[in-house]
Amino acid sequence: MRHQQRFQELGRDLICIQSMDGMLMVFEQESYAFGRFLPGSLLPGPLAYSPRTDSFITVSSCRQVESYKYQVLAFATDADKKQEMEQQKLGSGKRLVVDWTLNIGEQALDICIFPLNQSASSVFVLGERNFFCLKDNGQIRFMKKLGYNPSCFLPYCSVSEGTIHTLIGNHNHMLHIYQDVTLKWATQLPHVPVAVRVGCFHDLKGVIVTLSDDGHLQCSYLGTDPSLFQAPKVESRELNYDELDVELKELQKIIKDVKLQGVWPLTEQEDDLKVSAAVSSTLDSVSQATNVEPGADSVPSITVKITLQNRAVLQKVKLSIYVQPPLQLTCDQFTFDFTVPDMRSTVSFSVYLKRNYTPSELEGNAVVSYSRPTDRNPDGIPRVVQCKFRLPLKLICLPGQPSKTASHKLTIDTNKSPVSLLGLFPDFANPSDDDQVNVIGFRLLGGARVTLLASRTSQRYRIQSEQFEDLWLITNELILRLQEHFEKQGTKDFSCSFSGCVPLQEYFELIDHHFELRINGKKLEELLSERAVQFRAIQRRLLTRFRDKTPAPLQHLDTLLDGTYKQVIALADAIEENQDRLLQSFSGLKSATHLLILLIRLWQRLSADQTAILEAAFLPLQEDTQELGWEETVDAAITYLLKTCLSKSSKEQALNLSSQLNIPKDTSRLKKHITLLCDRLAKGGRLCVSTDAAAPQAMVVPGGCTPIPESDLEERSLDDSTELFTNHKHLMTEPPTPEVSALQGVLE
């Protein structure tokens, strides 16, 4: 059943039902009267009955408004089957003739018949992009082009004679009110209306009733009756400054009281809610990992407990847990109800590695949002509290055999004597290797191997691996454990440094790989869009052939449809596979970015604030999409730093930054800017975002680099700049120093 219309004839109730195949079935009371197939019907359209002309008006699949007289339908040849339509063409019986037609050039969403008076009525048709008002004979009374996608409409009577008001809802949660073609009012709705009516409830007239797509009814009222009261003119009088001072003091006291009640954020000591996280010291005895990628290793899990304790009554308390992919949570959302003060609630969940690659960070974040009610605001003041926790390295890493050779190596210098690695990493120590206290191997669950060596004669540690991004987690864990070790011993002057070459070339290779996957994804999406258009075009051709009254050969359209369908499925699978590879590449790129920031911090001994600026510039996104990607975002941030705090001349500051972020053609510009950033830092540049950040720093760096021309940001040779920081064979082919020889001797 598609549409149903009820009408009356000589005191009898008649019902017309339109089926999905385009057949009109008429019932007199409970008895079936007749059925008629509308000529040329492919898909049913909206149907309405006009009592004044005794006609059925519909919109056919040919995008035409068609009118059929009831008498013509009643006396035409009975067509209970579509094959009987052929008999009408051959002259057997009376043919079904249309009264009038009007081509509107688009599909219709709804039709409504509105009586203007006893002698005339109007036919309203809501199209996909236009709104039509027709006369009884099919002539256009007026037409309105809509700048949105409508969802429903309702014509109703107007207070002005000769005009009609129309309610039109759209998919932008808006309801527009027109007087003929003039927009009179627009209002926002909380949902997309699929049906709208105007009703009267008791003494309240003009109530707008809307129905959402999920079945919610809403009664709305546009406004109130206008008030005819006019305030009288106030007599001018002299100001009493003493009274104004008293009133000002009272207002200041009210503002002060409101501040004390908690409108502004409280300090850390006055927090209404305390959040703490505790990570289990051991892995779960029974792993909670589910739906993980198949691999040779069993995936462990670890339990994390989050404790919340409130000091006041709180509302809408919601806890959200975030970890870096491919880490997965057994549950990431919790809700609480703190109806009385000093309540304590604890929730627990497990974390595990879902995919066969390494996350960029082992830190998790617990964010709690809540509302605190006050005397002036019973609904509560929204606030957010967060608590970070760190997951252990053993969650994503296993003990492994040390490797003598590796493609990528890093050396970290310290100012203290080397520490036994078996004591520093007891959870990865192998009891059978007690003689090798200065070397330890790690095997990540993704399959990569990382080796850590400590020099016997110098204060150096070397980390080496076959993949550059895999060095990050082990390097960071080494520095954290060294700091914790010396803090327990009471040593406060421990520090790490990096004196090697910044590995920009290896970092640029990861950037190129990530960008290549983004370009491939964009090309696949464009190709899928073309194949989808082709698939729909073939479907329309086939439907036309199947509906043709004279059978015709398909001309291999079915074969073409099957081949196009297979191409669409293959392209969809390719897009999904490319998206998975892009997620893995983005995770590796973030790991390499963390490592690069760490090395620059150790190399230039940056402060915590400067490191935060560097992290904000290189890691602005949590997710990478085709609309807003990592490359263009980072390039804009680095360009801003180069033209503000790291600028060397006023010409660079005068260059305008682009206000739009678009995917670049290649990564050469980004790589130039990263190299230039390292160049400026090496020559004494200072990272800051204060108001004086735009001031030239030539005086801060006496004898530094010469002013860089305005075109340098675009045309400076990348190779000459990269040689300052990058030497791909620096740690592998140069003559070894005595300290490096000692490191190599550990494995020989």
# chains A, B, ... in the order shown; residues from 1 in each chain; ligands from 1
>>> residues_around(residues="segment 461-469 of chain A", least_positions_apart="5", cutoff="9 Å", atoms="only C-alpha atoms", output="number ranges by chain")
A: 360, 403, 405-414, 418, 448-455, 474-475, 478, 506-507, 510, 588-593, 595, 743
>>> closest_atom_pairs(of="segment 517-610 of chain A", to="segment 312-328 of chain A", cutoff="9 Å", atoms="only C-alpha atoms", output="Markdown table")
| residue | atom | partner | partner_atom | distance |
| --- | --- | --- | --- | --- |
| A:Leu583 | CA | A:Pro325 | CA | 8.6 |
| A:Gln584 | CA | A:Pro326 | CA | 8.4 |
| A:Ser587 | CA | A:Pro325 | CA | 7.5 |
>>> write_last_selection(atoms="N, CA and C atoms", output="PDB file, in the first residue's frame")
ATOM      1  N   LEU A 583      45.217   4.466   8.811  1.00  0.00           N
ATOM      2  CA  LEU A 583      45.201   4.547  10.272  1.00  0.00           C
ATOM      3  C   LEU A 583      46.510   4.035  10.862  1.00  0.00           C
ATOM      4  N   GLN A 584      47.005   2.931  10.302  1.00  0.00           N
ATOM      5  CA  GLN A 584      48.275   2.396  10.789  1.00  0.00           C
ATOM      6  C   GLN A 584      49.424   3.359  10.474  1.00  0.00           C
ATOM      7  N   SER A 587      49.315   6.312  12.860  1.00  0.00           N
ATOM      8  CA  SER A 587      49.830   5.952  14.179  1.00  0.00           C
ATOM      9  C   SER A 587      51.357   5.933  14.174  1.00  0.00           C
TER      10      SER A 587
END
>>> residues_around(residues="segment 96-105 of chain A", least_positions_apart="4", cutoff="9 Å", atoms="only C-alpha atoms", output="list in words")
Arg36, Phe37, Leu38, Pro39, Ser55, Cys62, Arg63, Gln64, Val65, Glu66, Ser67, Tyr68, Lys69, Val72, Leu73, Phe75, Ala76, Thr77, Gln88, Gly127, Asn130, Phe132, Asn137, Gly138, Gln139 and Ile140 of chain A
>>> residues_around(residues="Ile302 of chain A", least_positions_apart="2", cutoff="7 Å", atoms="only C-alpha atoms", output="mmCIF file with N, CA, C and O atoms, in the first residue's frame")
data_model
loop_
_atom_site.group_PDB
_atom_site.id
_atom_site.type_symbol
_atom_site.label_atom_id
_atom_site.label_comp_id
_atom_site.auth_asym_id
_atom_site.auth_seq_id
_atom_site.Cartn_x
_atom_site.Cartn_y
_atom_site.Cartn_z
ATOM 1 N N SER A 280 46.552 -1.556 37.217
ATOM 2 C CA SER A 280 46.992 -2.786 37.880
ATOM 3 C C SER A 280 48.474 -3.044 37.586
ATOM 4 O O SER A 280 48.966 -2.761 36.489
ATOM 5 N N LEU A 283 49.238 -8.033 34.614
ATOM 6 C CA LEU A 283 48.278 -8.250 33.547
ATOM 7 C C LEU A 283 47.142 -9.136 34.036
ATOM 8 O O LEU A 283 47.271 -9.868 35.016
ATOM 9 N N ASP A 284 46.015 -9.066 33.351
ATOM 10 C CA ASP A 284 44.861 -9.896 33.720
ATOM 11 C C ASP A 284 45.200 -11.370 33.550
ATOM 12 O O ASP A 284 45.817 -11.775 32.546
ATOM 13 N N PRO A 300 47.474 -9.705 25.623
ATOM 14 C CA PRO A 300 47.112 -9.548 27.033
ATOM 15 C C PRO A 300 46.214 -8.333 27.237
ATOM 16 O O PRO A 300 46.029 -7.509 26.339
ATOM 17 N N VAL A 304 42.195 -1.245 34.658
ATOM 18 C CA VAL A 304 42.358 0.120 35.155
ATOM 19 C C VAL A 304 41.128 0.462 35.982
ATOM 20 O O VAL A 304 39.993 0.201 35.560
ATOM 21 N N SER A 350 39.098 -2.871 31.191
ATOM 22 C CA SER A 350 40.344 -3.467 30.704
ATOM 23 C C SER A 350 40.756 -2.817 29.400
ATOM 24 O O SER A 350 39.909 -2.371 28.610
ATOM 25 N N VAL A 351 42.071 -2.785 29.183
ATOM 26 C CA VAL A 351 42.653 -2.211 27.971
ATOM 27 C C VAL A 351 43.487 -3.289 27.297
ATOM 28 O O VAL A 351 44.214 -4.035 27.975
ATOM 29 N N TYR A 352 43.389 -3.374 25.974
ATOM 30 C CA TYR A 352 44.169 -4.349 25.224
ATOM 31 C C TYR A 352 44.458 -3.805 23.831
ATOM 32 O O TYR A 352 43.869 -2.803 23.402
#
>>> residues_around(residues="Glu293 of chain A", least_positions_apart="3", cutoff="12 Å", atoms="only C-alpha atoms", output="list in words")
Ala289, Thr290, Ala296, Asp297, Ser298, Val299, Pro326, Tyr352, Leu353, Lys354, Arg355, Asn356, Tyr357, Leu445 and Gly446 of chain A
>>> write_last_selection(atoms="C-alpha atoms", output="compact mmCIF listing (two decimals), in the first residue's frame")
# COMPACT_ATOMS: atom_id res chain seq x y z
CA ALA A 289 40.74 -9.03 24.54
CA THR A 290 38.00 -9.67 21.97
CA ALA A 296 51.21 -15.53 16.67
CA ASP A 297 51.08 -13.86 20.12
CA SER A 298 48.23 -13.97 22.59
CA VAL A 299 47.03 -10.45 23.31
CA PRO A 326 44.83 0.56 18.23
CA TYR A 352 44.17 -4.35 25.22
CA LEU A 353 45.78 -4.05 21.79
CA LYS A 354 43.22 -4.71 19.06
CA ARG A 355 45.37 -4.37 15.93
CA ASN A 356 48.83 -5.64 14.97
CA TYR A 357 50.64 -2.33 15.12
CA LEU A 445 53.17 -7.39 19.56
CA GLY A 446 53.10 -6.06 16.01
>>> residues_around(residues="Val192 of chain A", least_positions_apart="2", cutoff="12 Å", atoms="only C-alpha atoms", output="short mmCIF file (atom, residue, chain, number, x, y, z; two decimals) with C-alpha atoms, in the first residue's frame")
data_model
loop_
_atom_site.label_atom_id
_atom_site.label_comp_id
_atom_site.auth_asym_id
_atom_site.auth_seq_id
_atom_site.Cartn_x
_atom_site.Cartn_y
_atom_site.Cartn_z
CA ASN A 149 15.95 20.16 0.89
CA PRO A 150 12.29 20.11 2.05
CA SER A 151 10.78 17.28 4.09
CA CYS A 152 7.08 18.16 4.47
CA ILE A 168 7.47 23.99 4.81
CA GLY A 169 9.87 21.89 6.92
CA ASN A 170 13.34 20.96 5.75
CA HIS A 171 16.22 18.65 6.66
CA ASN A 172 18.12 21.52 8.31
CA HIS A 173 15.77 21.38 11.35
CA MET A 174 14.01 24.53 10.11
CA LEU A 175 10.34 25.43 9.59
CA GLN A 188 14.37 26.30 14.44
CA LEU A 189 13.13 22.81 15.36
CA PRO A 190 14.95 20.20 17.46
CA VAL A 194 8.35 14.49 8.37
CA ALA A 195 4.77 15.71 8.86
CA VAL A 196 3.28 19.00 10.04
CA THR A 210 5.31 18.24 13.99
CA LEU A 211 6.30 14.58 13.78
CA SER A 212 9.97 13.52 13.69
CA ASP A 213 11.41 10.56 11.81
CA ASP A 214 11.80 8.64 15.08
CA GLY A 215 8.16 9.07 16.08
CA HIS A 216 8.29 12.06 18.45
CA LEU A 217 5.40 14.53 18.40
CA GLN A 218 6.00 18.16 19.28
#
>>> select_by_dssp(residues="segment 122-339 of chain A", states="helix (DSSP H, G or I)", output="list of chain:residue names")
A:Tyr241, A:Asp242, A:Glu243, A:Leu244, A:Asp245, A:Val246, A:Glu247, A:Leu248, A:Lys249, A:Glu250, A:Leu251, A:Gln252, A:Lys253, A:Ile254, A:Ile255, A:Lys256, A:Asp257, A:Val258, A:Lys259, A:Leu260, A:Gln261, A:Glu268, A:Gln269, A:Glu270
>>> atom_distance(atom1="atom CA of Ile613 of chain A", atom2="atom CA of Leu687 of chain A")
7.0 Å
>>> residues_around(residues="Glu576 of chain A", least_positions_apart="3", cutoff="12 Å", atoms="only C-alpha atoms", output="count of residues only")
16
